[in-house]
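Asker: Supplied in structure tokens, the structure appears directly below.
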Amino acid sequence: MKYPPEPFRIKTVEAIARTTDWERLAVIQDAGYNVFNIPAEKIYIDLLTDSGTSAMSDNQWAGMMKGDESYAGSKNYFHFEAMINKIFGFKHVIPTHQGRVAENLLFSTILKDRKGLVIPNNNHFDTTRANVEYNGGRAEDLVIDIAKDTQAIDDFKGNIDLDKLANLIHNVGAKNIPIGMLTITNNSGGGQPVSMANIRGTAELLHKHEIPFYIDACRFAENAYFIKIREDGYQDKSILEIANEMFSYADGCTMSAKKDALVNMGGFFATNDDELAQQITNRLILIEGFPTYGGLAGRDLEAIAIGLEEVLHEDYLAYRISQVEELGDRLIEAGVPILRPTGGHAVYLDAKNFLPHIPQSQFPGIALTVSLYTHAGIRAVEIGSLMFAHDDPETGETIYPHLELVRLAIPRRVYTNSQMQYVAENIIELYEDRENIGGYEIEYQAQVLRHFTARLKPLQ
Ligand code: P61
């Protein structure tokens, strides 16, 4: 079967309301044309993010009832730690309440008191970049060039360019690179996977220069599944074996459990470095809590432990990846420009080609997210100029991102395939009417991560 069916049935349902066209026009105006400002009840299909939006299983809910809320040494922590050891294999496991806290703890520790440090990555996600830059570092994106061509088909468009990495090390000096990273799958670059060969090659290069290697592991299981189906030599390996190998090359990871741990809240930092673990633990106590809960309840730790086990199931991953692929295929067939091939957790509309008449300075991605909402009650997220354009500190000139994307992130185990068909049909209708969509300008923006709270208005 080309698109394997759901390996679950529905036990609990949550009603979602339809709104009228007029209602949505008023809502989006009130929201300052920023879909982050829309009350979720006014959304029909919410594809803003796959983060924290998974449906938990009956087993996870049962696990929640077994929450041990002891302040110190909760039994759920030991289950959580054992599961992370089984998959990731790092020596120290430090829970956090979400991924960006793991990033904040890491970068506020390794970048402290030193200027001019550089962190390479295939692509930093926005929270990672923000945490690097806020702590005085420079975030370098070194993804392979082909990733910038939305139409180029390649199995591992998330790979880092090892020549660019070698050049960076040569130019800035290994002592100015406290760690190197890979984000798997590569969220800002279209949810594209990184190959095992590239993970291994990155580790070898960094380690040759004594630079520790960390993985942003949010979507590790989806990445492992792509390795299994696309990379020679992995077809007969289990997802667990592949994940074990991926992390065996690294010195640690940051993880937002809100993605591939199939929960609504949680994260962790893991490392083999004793001294770093000690420093981070001390900071954790200051800002998150005691090291066996780190900002989470015991029940949350239990749900993560069970989710990490469930996400390794191949029938789940086959359904998951193919649900995303099927939406992508429907759009491609209708000629809608999307980033190809489809990634693991989302379909990314190519807003530059969808709306070629809107220049990047007028936020084509925002224009598309607003139209998706007003046309069909669908919420997507712009991953383009509102999120990433910034002024060059020296020249003051605005630097625009290469890609102008609108991401339709698919929550895990949440929407049925007929709801996905509704999404596809409405996007196709919008594409046919694209000339009538216009650009936007900013009315208000914050200094950091402006896309969350910005207010815009239509031009014309
Ligand atoms: C997302 F609009 N991602 O994709 P936290 N690394 C990576 C992520 O994808 C990620 C984090 C670290 C989100 C949520 C999100 O501007 C936005 O648990 C590869 O969210 O702290 C999160 O993990 C951070 C959406 C984050 C956004 C920031 O939708």
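Chain identifiers are assigned as A, B, and so on, following the order in which chains appear in the structure tokens; residues are numbered from 1 within each chain, and ligands are numbered from 1 in order of appearance.
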Applying 10 Å and only C-alpha atoms, which residues near Ile84 of chain A remain after dropping the ones on its own chain fewer than 4 positions away? List them as a list in words.
Answerer: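 Contacts, in chain order: Phe78, His79, Phe80, Phe88, Gly89, Phe90, Lys91, His92, Val93, Phe268, Ala270, Ile304, Ala305, Leu308 and Glu309 of chain A.
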Asker: List all protein, DNA and RNA residues that have at least one atom no more than 8 Å from any atom of ligand 1, counting only C-alpha atoms and all ligand atoms, and write them as an MDAnalysis selection string.
Answerer: chainID A and resid 48:52 97:101 103 124:128 183:188 216:219 254:259 265:267 381:383 387 409 449 451:452
Asker: Report the distance between atom CA of Gly136 of chain A and atom CA of Phe107 of chain A in Å, rounded to one decimal place.
Answerer: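 Spanning atom CA of Gly136 of chain A to atom CA of Phe107 of chain A is a straight-line distance of 9.2 Å.
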Asker: Near segment 359-369 of chain A, counting only C-alpha atoms, which residues have an atom at most 10 Å away, once you skip same-chain residues fewer than 2 positions from it, shown as a ChimeraX atom specification?
Answerer: /A:33-35,48,349-357,371-375,378-387,389,398,400-408,427,430-431,434,437-442,451,456,458-459
Asker: Looking only at strand (DSSP E) from DSSP on the backbone, list the matching residues of segment 172-334 of chain A as a PDB file with N, CA and C atoms, in the first residue's frame.
Answerer:
ATOM      1  N   GLY A 180      29.884  21.737  17.778  1.00  0.00           N
ATOM      2  CA  GLY A 180      29.215  21.750  16.482  1.00  0.00           C
ATOM      3  C   GLY A 180      27.897  21.008  16.649  1.00  0.00           C
ATOM      4  N   MET A 181      26.914  21.344  15.796  1.00  0.00           N
ATOM      5  CA  MET A 181      25.591  20.705  15.955  1.00  0.00           C
ATOM      6  C   MET A 181      25.017  20.206  14.640  1.00  0.00           C
ATOM      7  N   LEU A 182      24.085  19.294  14.737  1.00  0.00           N
ATOM      8  CA  LEU A 182      23.228  18.909  13.609  1.00  0.00           C
ATOM      9  C   LEU A 182      21.795  18.861  14.115  1.00  0.00           C
ATOM     10  N   THR A 183      20.875  19.388  13.335  1.00  0.00           N
ATOM     11  CA  THR A 183      19.458  19.358  13.696  1.00  0.00           C
ATOM     12  C   THR A 183      18.792  18.281  12.852  1.00  0.00           C
ATOM     13  N   PHE A 213      30.471  17.303  19.671  1.00  0.00           N
ATOM     14  CA  PHE A 213      29.392  17.241  18.677  1.00  0.00           C
ATOM     15  C   PHE A 213      28.054  16.974  19.382  1.00  0.00           C
ATOM     16  N   TYR A 214      27.102  17.874  19.187  1.00  0.00           N
ATOM     17  CA  TYR A 214      25.774  17.729  19.804  1.00  0.00           C
ATOM     18  C   TYR A 214      24.699  17.647  18.712  1.00  0.00           C
ATOM     19  N   ILE A 215      23.660  16.883  19.032  1.00  0.00           N
ATOM     20  CA  ILE A 215      22.548  16.737  18.079  1.00  0.00           C
ATOM     21  C   ILE A 215      21.300  17.395  18.665  1.00  0.00           C
ATOM     22  N   ASP A 216      20.619  18.204  17.843  1.00  0.00           N
ATOM     23  CA  ASP A 216      19.274  18.674  18.204  1.00  0.00           C
ATOM     24  C   ASP A 216      18.338  17.554  17.757  1.00  0.00           C
ATOM     25  N   GLY A 252      26.429  14.491  22.977  1.00  0.00           N
ATOM     26  CA  GLY A 252      25.256  14.867  23.750  1.00  0.00           C
ATOM     27  C   GLY A 252      24.168  15.363  22.824  1.00  0.00           C
ATOM     28  N   CYS A 253      23.031  15.757  23.427  1.00  0.00           N
ATOM     29  CA  CYS A 253      21.938  16.274  22.595  1.00  0.00           C
ATOM     30  C   CYS A 253      21.052  17.224  23.387  1.00  0.00           C
ATOM     31  N   THR A 254      20.329  18.040  22.622  1.00  0.00           N
ATOM     32  CA  THR A 254      19.203  18.777  23.194  1.00  0.00           C
ATOM     33  C   THR A 254      17.959  18.146  22.588  1.00  0.00           C
ATOM     34  N   MET A 255      16.874  18.149  23.334  1.00  0.00           N
ATOM     35  CA  MET A 255      15.671  17.491  22.815  1.00  0.00           C
ATOM     36  C   MET A 255      14.417  18.220  23.293  1.00  0.00           C
ATOM     37  N   SER A 256      13.555  18.533  22.355  1.00  0.00           N
ATOM     38  CA  SER A 256      12.212  18.958  22.703  1.00  0.00           C
ATOM     39  C   SER A 256      11.339  17.720  22.621  1.00  0.00           C
ATOM     40  N   GLY A 267      11.197  18.146  27.724  1.00  0.00           N
ATOM     41  CA  GLY A 267      12.443  18.172  26.966  1.00  0.00           C
ATOM     42  C   GLY A 267      13.575  17.671  27.831  1.00  0.00           C
ATOM     43  N   PHE A 268      14.761  17.615  27.281  1.00  0.00           N
ATOM     44  CA  PHE A 268      15.920  17.268  28.108  1.00  0.00           C
ATOM     45  C   PHE A 268      17.209  17.665  27.418  1.00  0.00           C
ATOM     46  N   PHE A 269      18.246  17.704  28.236  1.00  0.00           N
ATOM     47  CA  PHE A 269      19.607  17.869  27.750  1.00  0.00           C
ATOM     48  C   PHE A 269      20.345  16.619  28.190  1.00  0.00           C
ATOM     49  N   ALA A 270      21.172  16.061  27.322  1.00  0.00           N
ATOM     50  CA  ALA A 270      21.946  14.873  27.705  1.00  0.00           C
ATOM     51  C   ALA A 270      23.379  15.063  27.221  1.00  0.00           C
ATOM     52  N   THR A 271      24.319  14.544  27.986  1.00  0.00           N
ATOM     53  CA  THR A 271      25.733  14.716  27.626  1.00  0.00           C
ATOM     54  C   THR A 271      26.595  13.626  28.261  1.00  0.00           C
TER      55      THR A 271
END
Asker: By how many Å are atom CA of Leu327 of chain A and atom CA of Ile428 of chain A apart?
Answerer: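 Spanning atom CA of Leu327 of chain A to atom CA of Ile428 of chain A is a straight-line distance of 11.3 Å.
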Asker: Quote the spacing between atom CA of Thr292 of chain A and atom CA of Gly73 of chain A in Å to one decimal place.
Answerer: 5.8 Å
